[in-house]
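Shown next, in structure tokens, is the structure this report addresses.
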Amino acid sequence: MKRPEDIAVFWFRRDLRLHDNRALTLALQSGLPVLGLFVLDRNILDRLEDRDDARVTFLLRTLGELRQALQALNSDLLVLHSTPDAAWDRVTQKHQVALAFWNRDYEPYAVQRDRGIVARLQSQGIQVQTAADHTLMEPGTVLKPDGNPYTVFTPYAKMWRQKIREEDWKPLSSRPSPPGRWLAWSSESMPTLEDLGFVPTRLTLPESRIHRDILAHYADQRDLPAVQGTSRLGLHLRFGTLSIRTLAQAAMGVSDTFVNELIWRDFYQSILWYFPHTTESAFKPAYDRIVWRNNPEEFERWCQGQTGYPLVDAGMRELLSTGWMHNRVRMVVASFLTKHLLIDWRWGEAWFARHLLDFEQASNVGGWQWAAGCGNDAAPYFRVFNPYEQARKFDPQGVYIRRWIPEIDTLTYPQPIVDHPTARNLALETYKKALSGEL
DNA sequence: TGAAATGTTGGGGCG
DNA sequence: ACGCCCCAACATTTC
């Protein structure tokens with residue numbers, strides 16, 4: 001009987017591509033035949049609220065493409081629907097695994113999951129190697145001179161720009177040297193959407209193309225929700241169908257404003273890595289004393305785009321209709337929920353997490369805490385967006401608003417849910433109370 | 001990556 | 001010509 005061959009396993013997670021993939025390149029350089037693995041994680045999928053969650057459609061479509069690409073190389077992609085622990089047990093029982101590779105993930109759930117898998121594999125004598133791939137400067141590489149993490153963006157960005165080197169933002173050459181080889185085999189079939197209990201989304205999924213003209217005009221156009229002035233690539237960065245380095249290379253020297261947004265992305269990854277409790281509680285503890293009104297009917301009207309504030313409703317309807325919302329409008333609706341309606345930012349964070357195709361936990365939590373005023377380097381609490389002013393400034397012709405609220409000029413459009421000056425003053429009072437210590 | 005309130009300035013109408 | 005008032009425009013402070 002032939003002795004089974006030592007193999008390497010590459011665990012795909014949020015890096016669903018073959019090119020410019022750091023840990024995958026390491027795996028292919030190991031000299032061992034590489035088996036590609038993806039786990040449809042029950043811990044995650046079972047908690048999704050919507051059976052037509054567009055991200056599951058996207059995920060399965062992408063896995064299908066990845067699988068085809070590997071089949072063209074006389075290999076395959078092993079896709080298992082289970083918990084990561086059980087999936088790895090199955091892989092190590094079937095194959096003689098000597099090495100395991102993956103790219104690091106900085107979210108609290110992923111950190112805990114990976115810690116468990118590392119222990120499990122090491123106890124079986126399997127060596128684990130990880131790499132930095134998801135960010136340009138991964139958490140831990142941009143620190144204050146005293147070694148502590150930055151909590152304010154501006155000095156972080158300054159240090160980020162000082163520290164970054166060409167190898168941090170240049171994509172890897174598409175052909176690793178040595179070329180490496182994939183394990184020659186054929187897997188059982190891949191689970192379908194139906195197998196997982198999901199149905200196809202009705203939403204249109206964005207492409208991963210980088211438009212150079214959008215980058216070139218980014219600084220001037222990014223705040224206009226009626227215009228296609230932003231990259232809309234978040235979904236692809238989240239699943240790794242677009243390499244962050246490919247995007248950075250396109251933006252470097254073209255749009256400093258856009259690069260700044262990539263720094264915000266790294267910044268929030270670092271914040272979540274060093275302060276994982278911020279998914280649950282305010283970065284600034286005093287803000288956990290805010291007495292939210294948390295009116296469920298008002299929350300529902302916010303969710304459905306029925307607040308009677310045109311810019312807010314346009315944004316919330318855009319989110320439900322497309323799985324995406326313009327960033328300027330994200331700030332407006334977040335300010336409105338937390339300040340005008342005095343609803344806990346976690347409610348809004350959860351709604352965005354459920355509906356945004358480009359949902360990224362670090363950016364979502366960071367952004368919501370920023371808007372609520374309770375985050376690191378946040379907007380001061382007294383900075384209350386006026387939805388009418390924001391519309392006047394950024395949608396002066398009302399093009400965006402009319403696109404999403406065709407009934408704007410009819411009687412069917414609701415009256416404002418709250419009066420702006422009244423709501424503003426109540427928000428200021430409520431925040432002030434929480435911060436002054438009285439209750 | 002704000003908006004409102006308050007303060008200052010300067011031009012024009014008018015007695 | 002001058003002082004006074006009004007108010008828009010801009011600047012500063014406050015929330």
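Identifiers for the structure tokens are assigned positionally: chains receive A, B, ... in sequence, residues are indexed from 1 per chain, and ligands are indexed from 1 in the order shown.
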Compile a residue-level contact table for chain B against chain C at a cut-off of 9 Å, reporting for every qualifying residue the shortest atom pair and its distance in Å to one decimal, with only C-alpha atoms (C1' of nucleotides) counted, rows ordered by chain and ascending number, as a tab-separated table.
residue	atom	partner	partner_atom	distance
B:DA3	C1'	C:DC15	C1'	8.9
B:DA4	C1'	C:DC15	C1'	7.9
B:DA5	C1'	C:DT14	C1'	7.1
B:DT6	C1'	C:DT13	C1'	7.1
B:DG7	C1'	C:DT12	C1'	7.1
B:DT8	C1'	C:DA11	C1'	7.3
B:DT9	C1'	C:DC10	C1'	8.2
B:DG13	C1'	C:DC6	C1'	8.9
Include N, CA and C atoms (P, O5', C5', C4', C3', O3' and C1' of nucleotides) and write out the residues we just selected as an mmCIF file, in the first residue's frame.
data_model
loop_
_atom_site.group_PDB
_atom_site.id
_atom_site.type_symbol
_atom_site.label_atom_id
_atom_site.label_comp_id
_atom_site.auth_asym_id
_atom_site.auth_seq_id
_atom_site.Cartn_x
_atom_site.Cartn_y
_atom_site.Cartn_z
ATOM 1 P P DA B 3 -24.345 70.225 9.101
ATOM 2 O "O5'" DA B 3 -24.766 71.134 10.318
ATOM 3 C "C5'" DA B 3 -25.463 70.522 11.386
ATOM 4 C "C4'" DA B 3 -25.871 71.553 12.400
ATOM 5 C "C3'" DA B 3 -26.547 72.798 11.838
ATOM 6 O "O3'" DA B 3 -27.709 72.983 12.603
ATOM 7 C "C1'" DA B 3 -24.752 73.419 13.246
ATOM 8 P P DA B 4 -28.720 74.162 12.396
ATOM 9 O "O5'" DA B 4 -28.427 75.045 13.681
ATOM 10 C "C5'" DA B 4 -28.558 74.436 14.957
ATOM 11 C "C4'" DA B 4 -28.205 75.443 16.022
ATOM 12 C "C3'" DA B 4 -28.909 76.791 15.880
ATOM 13 O "O3'" DA B 4 -29.358 77.148 17.178
ATOM 14 C "C1'" DA B 4 -26.569 77.119 15.922
ATOM 15 P P DA B 5 -30.108 78.529 17.451
ATOM 16 O "O5'" DA B 5 -28.952 79.358 18.173
ATOM 17 C "C5'" DA B 5 -28.259 78.755 19.262
ATOM 18 C "C4'" DA B 5 -27.237 79.732 19.786
ATOM 19 C "C3'" DA B 5 -27.737 81.177 19.913
ATOM 20 O "O3'" DA B 5 -27.232 81.694 21.138
ATOM 21 C "C1'" DA B 5 -25.829 81.113 18.511
ATOM 22 P P DT B 6 -27.687 83.161 21.640
ATOM 23 O "O5'" DT B 6 -26.369 84.009 21.349
ATOM 24 C "C5'" DT B 6 -25.106 83.513 21.795
ATOM 25 C "C4'" DT B 6 -24.002 84.327 21.165
ATOM 26 C "C3'" DT B 6 -24.243 85.842 21.175
ATOM 27 O "O3'" DT B 6 -23.172 86.467 21.860
ATOM 28 C "C1'" DT B 6 -23.467 85.108 19.066
ATOM 29 P P DG B 7 -23.111 88.058 21.993
ATOM 30 O "O5'" DG B 7 -21.983 88.385 20.916
ATOM 31 C "C5'" DG B 7 -20.726 87.716 21.012
ATOM 32 C "C4'" DG B 7 -19.807 88.224 19.903
ATOM 33 C "C3'" DG B 7 -19.765 89.753 19.762
ATOM 34 O "O3'" DG B 7 -18.412 90.150 19.603
ATOM 35 C "C1'" DG B 7 -20.341 88.765 17.689
ATOM 36 P P DT B 8 -18.053 91.704 19.473
ATOM 37 O "O5'" DT B 8 -17.829 91.854 17.913
ATOM 38 C "C5'" DT B 8 -16.871 91.027 17.263
ATOM 39 C "C4'" DT B 8 -16.761 91.421 15.801
ATOM 40 C "C3'" DT B 8 -16.674 92.934 15.543
ATOM 41 O "O3'" DT B 8 -15.535 93.173 14.742
ATOM 42 C "C1'" DT B 8 -18.341 91.936 14.166
ATOM 43 P P DT B 9 -15.105 94.672 14.406
ATOM 44 O "O5'" DT B 9 -15.560 94.783 12.889
ATOM 45 C "C5'" DT B 9 -15.297 93.704 11.999
ATOM 46 C "C4'" DT B 9 -15.976 93.978 10.659
ATOM 47 C "C3'" DT B 9 -15.934 95.445 10.226
ATOM 48 O "O3'" DT B 9 -15.395 95.517 8.928
ATOM 49 C "C1'" DT B 9 -18.135 94.587 10.077
ATOM 50 P P DG B 13 -29.168 102.647 -1.450
ATOM 51 O "O5'" DG B 13 -30.307 102.948 -0.381
ATOM 52 C "C5'" DG B 13 -31.054 101.851 0.162
ATOM 53 C "C4'" DG B 13 -31.882 102.363 1.321
ATOM 54 C "C3'" DG B 13 -32.560 103.711 1.059
ATOM 55 O "O3'" DG B 13 -33.877 103.664 1.577
ATOM 56 C "C1'" DG B 13 -31.132 103.897 2.950
#
Check which residues of chain A sit at most 12 Å from chain B using only C-alpha atoms (C1' of nucleotides), and return one row each with the closest pair of atoms and their distance in Å to one decimal, ordered by chain and rising number, as a tab-separated table.
residue	atom	partner	partner_atom	distance
A:Arg222	CA	B:DT1	C1'	11.4
A:Asp223	CA	B:DT1	C1'	9.5
A:Glu261	CA	B:DT1	C1'	11.4
A:Trp264	CA	B:DT1	C1'	12.0
A:Asn327	CA	B:DT1	C1'	10.0
A:Arg328	CA	B:DT1	C1'	8.2
A:Val329	CA	B:DT1	C1'	11.2
A:Arg330	CA	B:DT1	C1'	11.1
A:Met331	CA	B:DT1	C1'	8.2
A:Val332	CA	B:DT1	C1'	10.4
A:Ser335	CA	B:DG2	C1'	10.7
A:Gly367	CA	B:DT1	C1'	11.0
A:Trp370	CA	B:DT1	C1'	10.1
A:Ala371	CA	B:DT1	C1'	9.9
A:Asp377	CA	B:DT1	C1'	11.7
A:Ala378	CA	B:DT1	C1'	10.3
A:Ala379	CA	B:DT1	C1'	8.5
A:Pro380	CA	B:DG2	C1'	9.8
A:Tyr381	CA	B:DG2	C1'	10.6
A:Phe382	CA	B:DG2	C1'	8.7
A:Arg383	CA	B:DG2	C1'	5.3
A:Val384	CA	B:DG2	C1'	6.1
A:Phe385	CA	B:DG2	C1'	5.6
A:Asn386	CA	B:DA3	C1'	7.0
A:Pro387	CA	B:DG2	C1'	10.5
A:Tyr388	CA	B:DA3	C1'	10.9
A:Glu389	CA	B:DA3	C1'	8.5
A:Gln390	CA	B:DG2	C1'	9.1
A:Lys393	CA	B:DG2	C1'	11.6
A:His420	CA	B:DA3	C1'	11.6
A:Pro421	CA	B:DA4	C1'	9.8
A:Arg424	CA	B:DA3	C1'	10.2
A:Asn425	CA	B:DA4	C1'	11.0
Could those selected residues go to a file with N, CA and C atoms, as a CSV table (one decimal), in the first residue's frame?
chain,number,residue,atom,x,y,z
A,222,ARG,N,-16.9,62.4,-3.7
A,222,ARG,CA,-17.2,61.3,-2.7
A,222,ARG,C,-18.4,61.6,-1.8
A,223,ASP,N,-18.6,62.9,-1.6
A,223,ASP,CA,-19.7,63.3,-0.7
A,223,ASP,C,-21.0,63.5,-1.3
A,261,GLU,N,-8.8,56.9,3.3
A,261,GLU,CA,-9.9,56.0,3.6
A,261,GLU,C,-9.4,54.6,3.9
A,264,TRP,N,-8.1,54.7,7.3
A,264,TRP,CA,-9.2,54.5,8.3
A,264,TRP,C,-9.6,53.1,8.4
A,327,ASN,N,-21.7,56.7,1.8
A,327,ASN,CA,-21.0,56.9,3.0
A,327,ASN,C,-21.5,58.2,3.7
A,328,ARG,N,-21.6,59.3,3.0
A,328,ARG,CA,-22.1,60.5,3.6
A,328,ARG,C,-23.4,60.3,4.3
A,329,VAL,N,-24.3,59.5,3.6
A,329,VAL,CA,-25.6,59.3,4.1
A,329,VAL,C,-25.5,58.3,5.3
A,330,ARG,N,-24.6,57.4,5.3
A,330,ARG,CA,-24.4,56.6,6.5
A,330,ARG,C,-24.2,57.4,7.8
A,331,MET,N,-23.4,58.5,7.6
A,331,MET,CA,-23.1,59.3,8.8
A,331,MET,C,-24.4,60.1,9.2
A,332,VAL,N,-25.1,60.5,8.2
A,332,VAL,CA,-26.4,61.2,8.5
A,332,VAL,C,-27.4,60.3,9.2
A,335,SER,N,-26.1,59.5,12.8
A,335,SER,CA,-26.3,60.6,13.7
A,335,SER,C,-27.8,60.8,14.0
A,367,GLY,N,-17.4,53.1,13.0
A,367,GLY,CA,-18.2,54.1,12.4
A,367,GLY,C,-19.4,54.5,13.3
A,370,TRP,N,-18.2,56.3,16.3
A,370,TRP,CA,-17.8,57.6,15.9
A,370,TRP,C,-19.1,58.5,15.8
A,371,ALA,N,-20.1,58.0,15.2
A,371,ALA,CA,-21.3,58.8,15.0
A,371,ALA,C,-22.0,59.1,16.3
A,377,ASP,N,-11.6,59.0,19.1
A,377,ASP,CA,-11.5,60.0,18.1
A,377,ASP,C,-12.8,60.3,17.4
A,378,ALA,N,-13.9,60.3,18.3
A,378,ALA,CA,-15.2,60.4,17.7
A,378,ALA,C,-15.6,61.8,17.5
A,379,ALA,N,-16.7,62.0,16.7
A,379,ALA,CA,-17.3,63.3,16.6
A,379,ALA,C,-17.8,63.7,18.0
A,380,PRO,N,-17.5,64.9,18.5
A,380,PRO,CA,-18.0,65.3,19.8
A,380,PRO,C,-19.5,65.2,19.9
A,381,TYR,N,-20.0,64.9,21.1
A,381,TYR,CA,-21.4,64.5,21.2
A,381,TYR,C,-22.3,65.7,20.7
A,382,PHE,N,-21.8,66.9,20.9
A,382,PHE,CA,-22.7,68.0,20.5
A,382,PHE,C,-22.7,68.3,19.0
A,383,ARG,N,-21.9,67.4,18.3
A,383,ARG,CA,-21.9,67.6,16.8
A,383,ARG,C,-23.1,66.8,16.2
A,384,VAL,N,-24.2,67.5,16.1
A,384,VAL,CA,-25.5,66.9,15.6
A,384,VAL,C,-25.7,67.2,14.2
A,385,PHE,N,-25.7,66.3,13.3
A,385,PHE,CA,-26.0,66.6,11.9
A,385,PHE,C,-27.4,67.0,11.7
A,386,ASN,N,-27.6,68.1,11.0
A,386,ASN,CA,-29.0,68.5,10.6
A,386,ASN,C,-29.3,67.9,9.2
A,387,PRO,N,-30.2,67.0,9.1
A,387,PRO,CA,-30.5,66.3,7.9
A,387,PRO,C,-30.9,67.3,6.7
A,388,TYR,N,-31.5,68.4,7.1
A,388,TYR,CA,-31.9,69.3,6.0
A,388,TYR,C,-30.6,70.0,5.5
A,389,GLU,N,-29.7,70.4,6.4
A,389,GLU,CA,-28.5,71.1,6.0
A,389,GLU,C,-27.6,70.2,5.2
A,390,GLN,N,-27.6,68.9,5.6
A,390,GLN,CA,-26.7,67.9,4.9
A,390,GLN,C,-27.3,67.7,3.5
A,393,LYS,N,-26.4,70.8,1.4
A,393,LYS,CA,-25.0,70.8,1.0
A,393,LYS,C,-24.6,69.7,0.0
A,420,HIS,N,-36.8,68.9,14.6
A,420,HIS,CA,-35.4,68.9,14.6
A,420,HIS,C,-34.8,69.7,15.8
A,421,PRO,N,-35.2,70.9,16.0
A,421,PRO,CA,-34.6,71.7,17.2
A,421,PRO,C,-34.9,71.0,18.5
A,424,ARG,N,-32.8,67.9,18.8
A,424,ARG,CA,-31.4,68.3,19.0
A,424,ARG,C,-31.1,68.6,20.4
A,425,ASN,N,-32.0,69.5,21.0
A,425,ASN,CA,-31.8,69.9,22.4
A,425,ASN,C,-31.9,68.7,23.3
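Note that atom CA of A:Leu319 and atom CA of A:Arg392 are 21.0 Å apart.
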Do you know which residues are at most 12 Å from A:Leu26 counting only C-alpha atoms (C1' of nucleotides), after dropping those on the same chain fewer than 4 positions away, and could you put them as a ChimeraX atom specification?
/A:8-10,20-22,30-32,34,99-103,128-133,172,176-181
Among stretch 297-363 of chain A, which ones does DSSP assign to helix (DSSP H, G or I) (computed from the backbone)? Answer as a short mmCIF file (atom, residue, chain, number, x, y, z; two decimals) with N, CA and C atoms, in the first residue's frame.
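Final file, selection39.cif:
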data_model
loop_
_atom_site.label_atom_id
_atom_site.label_comp_id
_atom_site.auth_asym_id
_atom_site.auth_seq_id
_atom_site.Cartn_x
_atom_site.Cartn_y
_atom_site.Cartn_z
N GLU A 297 -41.01 51.49 17.91
CA GLU A 297 -41.76 51.95 16.72
C GLU A 297 -40.92 52.94 15.91
N GLU A 298 -40.23 53.82 16.61
CA GLU A 298 -39.38 54.78 15.91
C GLU A 298 -38.21 54.07 15.22
N PHE A 299 -37.68 53.05 15.90
CA PHE A 299 -36.58 52.30 15.27
C PHE A 299 -37.07 51.65 13.97
N GLU A 300 -38.26 51.09 14.02
CA GLU A 300 -38.82 50.44 12.83
C GLU A 300 -39.00 51.45 11.69
N ARG A 301 -39.45 52.64 12.02
CA ARG A 301 -39.61 53.66 10.98
C ARG A 301 -38.26 54.07 10.41
N TRP A 302 -37.26 54.14 11.25
CA TRP A 302 -35.90 54.43 10.77
C TRP A 302 -35.44 53.32 9.82
N CYS A 303 -35.63 52.08 10.24
CA CYS A 303 -35.20 50.94 9.43
C CYS A 303 -35.85 50.97 8.04
N GLN A 304 -37.12 51.30 8.01
CA GLN A 304 -37.87 51.21 6.76
C GLN A 304 -37.81 52.49 5.92
N PRO A 310 -36.24 63.45 4.60
CA PRO A 310 -35.95 62.88 3.27
C PRO A 310 -34.57 62.25 3.11
N LEU A 311 -33.53 62.93 3.57
CA LEU A 311 -32.19 62.36 3.34
C LEU A 311 -32.01 61.06 4.13
N VAL A 312 -32.54 61.05 5.34
CA VAL A 312 -32.45 59.84 6.17
C VAL A 312 -33.21 58.70 5.49
N ASP A 313 -34.43 58.98 5.07
CA ASP A 313 -35.25 57.92 4.48
C ASP A 313 -34.67 57.44 3.15
N ALA A 314 -34.12 58.36 2.37
CA ALA A 314 -33.51 57.96 1.11
C ALA A 314 -32.39 56.96 1.36
N GLY A 315 -31.55 57.27 2.36
CA GLY A 315 -30.44 56.38 2.67
C GLY A 315 -30.91 55.01 3.15
N MET A 316 -31.89 55.01 4.04
CA MET A 316 -32.35 53.73 4.59
C MET A 316 -33.04 52.89 3.51
N ARG A 317 -33.71 53.55 2.59
CA ARG A 317 -34.33 52.81 1.49
C ARG A 317 -33.29 52.30 0.50
N GLU A 318 -32.27 53.11 0.27
CA GLU A 318 -31.18 52.66 -0.60
C GLU A 318 -30.55 51.39 -0.01
N LEU A 319 -30.37 51.38 1.30
CA LEU A 319 -29.78 50.21 1.96
C LEU A 319 -30.65 48.96 1.75
N LEU A 320 -31.95 49.11 1.98
CA LEU A 320 -32.83 47.94 1.84
C LEU A 320 -32.93 47.49 0.39
N SER A 321 -32.89 48.44 -0.54
CA SER A 321 -33.07 48.09 -1.95
C SER A 321 -31.82 47.55 -2.61
N THR A 322 -30.65 47.97 -2.12
CA THR A 322 -29.42 47.62 -2.83
C THR A 322 -28.38 46.91 -1.97
N ASN A 327 -21.66 56.68 1.75
CA ASN A 327 -21.02 56.91 3.04
C ASN A 327 -21.45 58.20 3.71
N ARG A 328 -21.61 59.26 2.97
CA ARG A 328 -22.07 60.52 3.56
C ARG A 328 -23.41 60.30 4.26
N VAL A 329 -24.27 59.53 3.60
CA VAL A 329 -25.61 59.29 4.14
C VAL A 329 -25.55 58.34 5.34
N ARG A 330 -24.57 57.42 5.34
CA ARG A 330 -24.40 56.56 6.51
C ARG A 330 -24.18 57.41 7.75
N MET A 331 -23.36 58.45 7.62
CA MET A 331 -23.10 59.33 8.76
C MET A 331 -24.37 60.06 9.19
N VAL A 332 -25.15 60.47 8.21
CA VAL A 332 -26.37 61.22 8.53
C VAL A 332 -27.39 60.33 9.24
N VAL A 333 -27.62 59.13 8.72
CA VAL A 333 -28.63 58.26 9.35
C VAL A 333 -28.16 57.78 10.72
N ALA A 334 -26.84 57.62 10.88
CA ALA A 334 -26.32 57.17 12.17
C ALA A 334 -26.45 58.28 13.21
N SER A 335 -26.13 59.50 12.79
CA SER A 335 -26.32 60.63 13.69
C SER A 335 -27.79 60.77 14.05
N PHE A 336 -28.66 60.61 13.06
CA PHE A 336 -30.10 60.77 13.30
C PHE A 336 -30.61 59.72 14.29
N LEU A 337 -30.19 58.48 14.12
CA LEU A 337 -30.69 57.42 15.02
C LEU A 337 -30.22 57.67 16.46
N THR A 338 -28.94 57.98 16.60
CA THR A 338 -28.40 58.09 17.95
C THR A 338 -28.74 59.42 18.62
N LYS A 339 -28.82 60.49 17.84
CA LYS A 339 -29.05 61.81 18.44
C LYS A 339 -30.53 62.19 18.39
N HIS A 340 -31.10 62.22 17.19
CA HIS A 340 -32.50 62.67 17.10
C HIS A 340 -33.45 61.69 17.77
N TRP A 345 -26.73 53.02 19.72
CA TRP A 345 -25.97 52.81 18.48
C TRP A 345 -25.85 51.33 18.13
N ARG A 346 -25.95 50.44 19.13
CA ARG A 346 -25.82 49.00 18.84
C ARG A 346 -26.99 48.51 17.98
N TRP A 347 -28.17 49.14 18.15
CA TRP A 347 -29.30 48.75 17.32
C TRP A 347 -29.01 49.08 15.86
N GLY A 348 -28.48 50.26 15.65
CA GLY A 348 -28.14 50.66 14.28
C GLY A 348 -27.00 49.83 13.72
N GLU A 349 -26.04 49.55 14.57
CA GLU A 349 -24.88 48.75 14.15
C GLU A 349 -25.37 47.37 13.68
N ALA A 350 -26.31 46.81 14.44
CA ALA A 350 -26.82 45.48 14.09
C ALA A 350 -27.62 45.52 12.77
N TRP A 351 -28.36 46.60 12.56
CA TRP A 351 -29.14 46.71 11.32
C TRP A 351 -28.22 46.82 10.11
N PHE A 352 -27.17 47.61 10.26
CA PHE A 352 -26.18 47.72 9.18
C PHE A 352 -25.49 46.36 8.96
N ALA A 353 -25.15 45.70 10.05
CA ALA A 353 -24.46 44.40 9.94
C ALA A 353 -25.33 43.41 9.17
N ARG A 354 -26.62 43.52 9.37
CA ARG A 354 -27.55 42.60 8.72
C ARG A 354 -27.72 42.91 7.24
N HIS A 355 -27.69 44.19 6.88
CA HIS A 355 -28.10 44.56 5.52
C HIS A 355 -26.99 45.04 4.59
N GLN A 361 -16.95 44.22 10.35
CA GLN A 361 -17.23 44.50 11.76
C GLN A 361 -16.40 45.67 12.30
N ALA A 362 -15.11 45.68 12.00
CA ALA A 362 -14.25 46.73 12.55
C ALA A 362 -14.72 48.11 12.10
N SER A 363 -15.00 48.25 10.81
CA SER A 363 -15.41 49.56 10.28
C SER A 363 -16.81 49.92 10.76
#
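In this structure, atom CA of A:Leu16 sits 7.3 Å away from atom CA of A:Thr62.
Take atom CA of A:Gln124 and atom CA of A:Pro84: the distance between them is 15.8 Å.
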DSSP on the backbone: what in stretch 70-171 of chain A comes out strand (DSSP E or B), as a ChimeraX atom specification?
/A:77-82,96-103,127-131,143,149
Just the residues within 6 Å of stretch 224-233 of chain A, please, counting only C-alpha atoms (C1' of nucleotides), with nothing from its chain fewer than 4 positions along; format it as a VMD selection string.
chain A and resid 214 218 326 394 399 to 400
